file query-v8.txt (compact mmCIF, C-alpha atoms)
# COMPACT_ATOMS: atom_id res chain seq x y z
CA LYS A 1 110.61 93.29 81.61
CA ALA A 2 113.69 95.49 81.99
CA GLY A 3 113.57 98.31 84.48
CA VAL A 4 114.83 101.86 84.14
CA THR A 5 118.50 101.81 83.17
CA GLN A 6 120.88 104.62 83.98
CA THR A 7 124.45 104.94 82.82
CA PRO A 8 127.06 105.42 84.01
CA ARG A 9 126.61 104.26 87.59
CA TYR A 10 129.46 106.37 88.93
CA LEU A 11 131.18 109.42 87.53
CA ILE A 12 134.01 111.60 88.78
CA LYS A 13 134.55 115.00 87.20
CA THR A 14 136.39 118.19 88.03
CA ARG A 15 134.99 121.68 88.39
CA GLY A 16 134.31 123.40 85.10
CA GLN A 17 133.82 120.22 83.11
CA GLN A 18 130.54 119.10 81.67
CA VAL A 19 128.81 115.76 81.99
CA THR A 20 126.07 113.82 80.21
CA LEU A 21 123.98 111.20 81.96
CA SER A 22 121.79 108.68 80.17
CA CYS A 23 118.48 107.07 81.03
CA SER A 24 116.57 104.33 79.24
CA PRO A 25 112.98 104.08 80.48
CA ILE A 26 110.87 100.98 80.81
CA SER A 27 109.64 99.87 77.42
CA GLY A 28 106.41 101.69 76.53
CA HIS A 29 106.91 104.49 79.04
CA ARG A 30 106.87 107.88 77.39
CA SER A 31 107.49 110.14 80.39
CA VAL A 32 110.96 110.52 81.87
CA SER A 33 111.66 112.62 84.95
CA TRP A 34 115.00 113.52 86.49
CA TYR A 35 115.69 114.16 90.18
CA GLN A 36 118.76 115.26 92.08
CA GLN A 37 119.28 113.68 95.50
CA THR A 38 121.66 115.15 98.09
CA PRO A 39 121.87 114.62 101.85
CA GLY A 40 121.09 118.27 102.52
CA GLN A 41 118.34 119.06 100.04
CA GLY A 42 116.82 115.62 99.59
CA LEU A 43 115.11 114.76 96.31
CA GLN A 44 114.65 117.75 94.05
CA PHE A 45 112.86 117.71 90.72
CA LEU A 46 114.93 118.72 87.73
CA PHE A 47 112.67 118.26 84.70
CA GLU A 48 110.27 115.97 82.94
CA TYR A 49 110.11 115.00 79.30
CA PHE A 50 107.19 113.52 77.44
CA SER A 51 107.25 112.65 73.76
CA GLU A 52 110.51 114.53 73.23
CA THR A 53 109.16 117.74 74.80
CA GLN A 54 110.10 119.23 78.13
CA ARG A 55 106.83 119.39 79.97
CA ASN A 56 107.93 120.52 83.40
CA LYS A 57 111.00 122.10 84.91
CA GLY A 58 112.28 122.53 88.46
CA ASN A 59 114.21 125.41 89.96
CA PHE A 60 117.68 124.65 88.70
CA PRO A 61 120.05 126.94 86.80
CA GLY A 62 120.34 126.79 83.04
CA ARG A 63 123.52 124.73 83.37
CA PHE A 64 121.19 121.77 83.81
CA SER A 65 119.54 120.69 80.61
CA GLY A 66 118.04 117.59 79.14
CA ARG A 67 116.49 116.06 76.10
CA GLN A 68 114.46 113.08 75.08
CA PHE A 69 114.78 111.06 71.93
CA SER A 70 112.08 109.49 69.79
CA ASN A 71 112.62 106.12 71.50
CA SER A 72 111.92 107.83 74.87
CA ARG A 73 115.52 107.52 76.02
CA SER A 74 116.64 110.65 77.81
CA GLU A 75 119.87 112.42 78.56
CA MET A 76 120.65 115.17 80.99
CA ASN A 77 123.61 117.46 80.71
CA VAL A 78 125.29 119.60 83.32
CA SER A 79 127.74 122.18 82.04
CA THR A 80 130.42 124.06 83.97
CA LEU A 81 130.26 121.69 86.91
CA GLU A 82 130.40 123.04 90.44
CA LEU A 83 131.29 121.24 93.66
CA GLY A 84 127.66 121.54 94.74
CA ASP A 85 126.54 119.46 91.77
CA SER A 86 127.88 116.35 93.49
CA ALA A 87 124.80 114.23 93.98
CA LEU A 88 122.91 111.11 93.05
CA TYR A 89 120.95 111.79 89.87
CA LEU A 90 117.88 109.64 89.55
CA CYS A 91 115.82 109.07 86.46
CA ALA A 92 112.26 107.81 86.65
CA SER A 93 109.81 106.74 83.98
CA SER A 94 106.07 106.33 83.73
CA TRP A 95 103.47 105.78 81.04
CA ALA A 96 102.34 109.37 80.70
CA GLY A 97 103.41 111.23 83.82
CA GLY A 98 101.34 111.93 86.90
CA GLU A 99 101.21 108.33 87.96
CA LYS A 100 103.59 105.95 89.72
CA LEU A 101 107.21 106.58 88.86
CA PHE A 102 109.66 103.74 88.37
CA PHE A 103 113.15 104.78 89.36
CA GLY A 104 116.51 103.73 88.00
CA SER A 105 119.51 102.99 90.21
CA GLY A 106 120.92 106.46 89.63
CA THR A 107 124.22 107.98 88.61
CA GLN A 108 126.45 109.04 91.49
CA LEU A 109 128.29 112.15 90.33
CA SER A 110 131.27 113.44 92.27
CA VAL A 111 132.74 116.81 91.35
CA LEU A 112 136.27 117.43 92.61
CA GLU B 113 104.39 125.99 95.48
CA LEU B 114 103.80 122.62 97.08
CA LYS B 115 105.88 122.06 100.22
CA VAL B 116 106.13 118.70 101.95
CA GLU B 117 107.08 118.12 105.55
CA GLN B 118 107.78 114.70 106.95
CA ASN B 119 108.30 113.89 110.58
CA PRO B 120 110.14 112.52 112.24
CA LEU B 121 113.22 112.69 110.02
CA PHE B 122 114.95 110.01 112.07
CA LEU B 123 113.25 107.17 113.86
CA SER B 124 114.91 104.48 115.90
CA MET B 125 112.63 101.80 117.20
CA GLN B 126 112.74 98.34 118.64
CA GLU B 127 111.47 95.27 116.91
CA GLY B 128 107.87 94.55 117.74
CA LYS B 129 106.90 98.16 118.37
CA ASN B 130 104.43 100.31 116.46
CA TYR B 131 105.00 103.80 115.12
CA THR B 132 103.62 106.33 112.66
CA ILE B 133 105.37 108.58 110.15
CA TYR B 134 103.55 111.79 109.23
CA CYS B 135 103.55 113.63 105.93
CA ASN B 136 102.03 117.11 105.74
CA TYR B 137 101.79 119.06 102.52
CA SER B 138 100.94 122.68 101.90
CA THR B 139 98.61 122.84 98.88
CA THR B 140 95.84 120.76 97.43
CA SER B 141 96.79 117.37 96.13
CA ASP B 142 94.53 114.39 95.65
CA ARG B 143 97.19 111.82 94.94
CA LEU B 144 100.12 110.80 97.10
CA TYR B 145 102.88 108.20 96.85
CA TRP B 146 105.06 106.50 99.41
CA TYR B 147 108.50 105.22 98.46
CA ARG B 148 111.17 103.25 100.23
CA GLN B 149 114.91 103.63 99.70
CA ASP B 150 117.54 101.24 101.04
CA PRO B 151 121.10 102.58 101.48
CA GLY B 152 122.86 102.87 98.15
CA LYS B 153 119.76 101.77 96.28
CA SER B 154 117.07 103.41 94.22
CA LEU B 155 113.52 104.21 95.24
CA GLU B 156 110.92 101.49 95.38
CA SER B 157 107.23 102.35 95.19
CA LEU B 158 105.20 101.21 98.21
CA PHE B 159 101.76 102.79 97.95
CA VAL B 160 99.69 105.01 95.72
CA LEU B 161 96.85 106.81 97.52
CA LEU B 162 94.33 108.18 95.03
CA SER B 163 91.55 109.78 97.02
CA ASN B 164 90.51 111.22 100.33
CA GLY B 165 90.18 108.52 102.94
CA ALA B 166 92.23 106.04 100.94
CA VAL B 167 93.92 103.35 103.00
CA LYS B 168 96.39 100.82 101.67
CA GLN B 169 98.09 98.00 103.55
CA GLU B 170 100.99 95.76 102.68
CA GLY B 171 102.39 93.50 105.35
CA ARG B 172 103.35 95.55 108.39
CA LEU B 173 102.88 98.90 106.62
CA MET B 174 99.64 100.81 106.28
CA ALA B 175 99.27 104.16 104.55
CA SER B 176 96.36 106.58 104.65
CA LEU B 177 95.44 109.89 103.06
CA ASP B 178 93.34 112.78 104.37
CA THR B 179 93.21 115.35 101.57
CA LYS B 180 91.20 117.82 103.65
CA ALA B 181 93.86 117.91 106.35
CA ARG B 182 96.61 117.60 103.71
CA LEU B 183 98.05 114.74 105.72
CA SER B 184 99.21 111.25 104.97
CA THR B 185 100.44 108.72 107.49
CA LEU B 186 102.53 105.59 107.21
CA HIS B 187 101.89 103.27 110.13
CA ILE B 188 104.34 100.54 111.05
CA THR B 189 103.01 97.59 113.00
CA ALA B 190 105.27 95.24 114.98
CA ALA B 191 108.43 96.47 113.28
CA VAL B 192 111.08 94.05 112.08
CA HIS B 193 114.70 94.72 111.12
CA ASP B 194 113.96 94.33 107.40
CA LEU B 195 111.87 97.50 107.51
CA SER B 196 115.00 99.59 108.20
CA ALA B 197 115.19 102.06 105.30
CA THR B 198 114.36 105.65 104.40
CA TYR B 199 110.70 106.33 103.61
CA PHE B 200 109.58 109.20 101.41
CA CYS B 201 106.15 110.62 100.81
CA ALA B 202 105.46 112.47 97.57
CA PRO B 203 102.21 114.27 96.79
CA LEU B 204 101.46 115.09 93.18
CA THR B 205 101.14 118.76 92.26
CA GLN B 206 97.90 119.81 90.61
CA GLY B 207 97.06 122.17 87.83
CA GLY B 208 99.18 122.45 84.74
CA SER B 209 102.18 120.19 84.60
CA GLU B 210 102.09 117.61 87.33
CA LYS B 211 105.13 116.39 89.21
CA LEU B 212 105.90 114.53 92.42
CA VAL B 213 107.33 116.65 95.23
CA PHE B 214 109.23 114.59 97.78
CA GLY B 215 109.54 115.05 101.50
CA LYS B 216 113.00 114.92 103.06
CA GLY B 217 112.46 111.33 104.06
CA THR B 218 112.26 109.48 107.36
CA LYS B 219 115.23 107.29 108.13
CA LEU B 220 113.92 104.32 110.05
CA THR B 221 116.21 102.05 112.03
CA VAL B 222 114.70 98.97 113.64
CA ASN B 223 116.86 97.52 116.38
CA PRO B 224 116.67 93.91 117.56

call {"tool": "encode", "arguments": {"input": "query-v8.txt", "output": "structure tokens"}}
result
Amino acid sequence: KAGVTQTPRYLIKTRGQQVTLSCSPISGHRSVSWYQQTPGQGLQFLFEYFSETQRNKGNFPGRFSGRQFSNSRSEMNVSTLELGDSALYLCASSWAGGEKLFFGSGTQLSVL
Amino acid sequence: ELKVEQNPLFLSMQEGKNYTIYCNYSTTSDRLYWYRQDPGKSLESLFVLLSNGAVKQEGRLMASLDTKARLSTLHITAAVHDLSATYFCAPLTQGGSEKLVFGKGTKLTVNP
């Protein structure tokens, strides 16, 4: 059974650009959550999607957005990138949310 | 808002020794997860603690949950080098939309 797949694995962007990250959950999982991991702030919750609807949102500016498709795949978008957006972005899936999360390998984003 | 405090944040120990990692959280939660992260890797689920007094053991690791004290512990018995990693606790928020809130992590180094 395939795990959570995130693409791309690494990404280098410059300030002001925008970026889209992709996440394919484990087959049958309908909840997808996104987390940002940095050395200073640790793991911070971005948002969660369930059945194409955003069900929960963390304390991030509106530059961070996401969506979920009918096949449960999810994308997150960051517009007008800032240096502080450099981080490991982790996607996690679960059957319905609120239970054990299965994490992908993450996308390491560097903003120059 | 649920806050999570782990201590210690850094732990260096010798092989064969025992130690405990503590996870305190600020508001009611009756479900807590422990994850492990190796350098450059994603998060791997270790334990799910579902009720007050729950205790789970896997190899040299044992986790417990006291919901009244809002405290979880991860006890390491006779540490070995392979346990070197960062360990995160994550209680589940309650009421409304649920999400996992992660502690800052405890970086464990086991020295020969």

call {"tool": "interface_residues", "arguments": {"input": "query-v8.txt", "of": "chain B", "to": "chain A", "cutoff": "7 Å", "atoms": "all atoms listed in the file", "output": "number ranges by chain"}}
result
B: 153-155, 209-211, 214, 216

call {"tool": "residues_near_point", "arguments": {"input": "query-v8.txt", "point": "(108.9, 98.5, 77.6)", "cutoff": "10 Å", "atoms": "only C-alpha atoms", "output": "list in words"}}
result
Lys1, Ala2, Gly3, Val4, Ser24, Pro25, Ile26, Ser27, Gly28, His29, Arg30 and Trp95 of chain A

call {"tool": "residues_around", "arguments": {"input": "query-v8.txt", "residues": "Gly62 (chain A)", "least_positions_apart": "3", "cutoff": "10 Å", "atoms": "all atoms listed in the file", "output": "list in words"}}
result
Asn59, Ser65, Val78 and Ser79 of chain A

call {"tool": "atom_distance", "arguments": {"input": "query-v8.txt", "atom1": "CA of Leu83 (chain A)", "atom2": "CA of Ala197 (chain B)"}}
result
27.6 Å

call {"tool": "residues_around", "arguments": {"input": "query-v8.txt", "residues": "region 126-137 of chain B", "least_positions_apart": "5", "cutoff": "12 Å", "atoms": "all atoms listed in the file", "output": "MDAnalysis selection string"}}
result
chainID B and resid 113:121 142:146 172:196 198:205 212:224

call {"tool": "atom_distance", "arguments": {"input": "query-v8.txt", "atom1": "CA of Asn77 (chain A)", "atom2": "CA of Val19 (chain A)"}}
result
5.6 Å

call {"tool": "atom_distance", "arguments": {"input": "query-v8.txt", "atom1": "CA of Val160 (chain B)", "atom2": "CA of Gln206 (chain B)"}}
result
15.8 Å

call {"tool": "closest_residue", "arguments": {"input": "query-v8.txt", "among": "A:Ala87, A:Ala96, A:Leu112, A:Cys23", "to": "Arg73 (chain A)", "atoms": "all atoms listed in the file"}}
result
A:Cys23

call {"tool": "residues_near_point", "arguments": {"input": "query-v8.txt", "point": "(123.4, 112.9, 80.0)", "cutoff": "6 Å", "atoms": "all atoms listed in the file", "output": "mmCIF file with C-alpha atoms, in the frame of the given file"}}
result
data_model
loop_
_atom_site.group_PDB
_atom_site.id
_atom_site.type_symbol
_atom_site.label_atom_id
_atom_site.label_comp_id
_atom_site.auth_asym_id
_atom_site.auth_seq_id
_atom_site.Cartn_x
_atom_site.Cartn_y
_atom_site.Cartn_z
ATOM 1 C CA THR A 20 126.070 113.820 80.210
ATOM 2 C CA LEU A 21 123.980 111.200 81.960
ATOM 3 C CA SER A 22 121.790 108.680 80.170
ATOM 4 C CA GLU A 75 119.870 112.420 78.560
ATOM 5 C CA MET A 76 120.650 115.170 80.990
ATOM 6 C CA ASN A 77 123.610 117.460 80.710
#
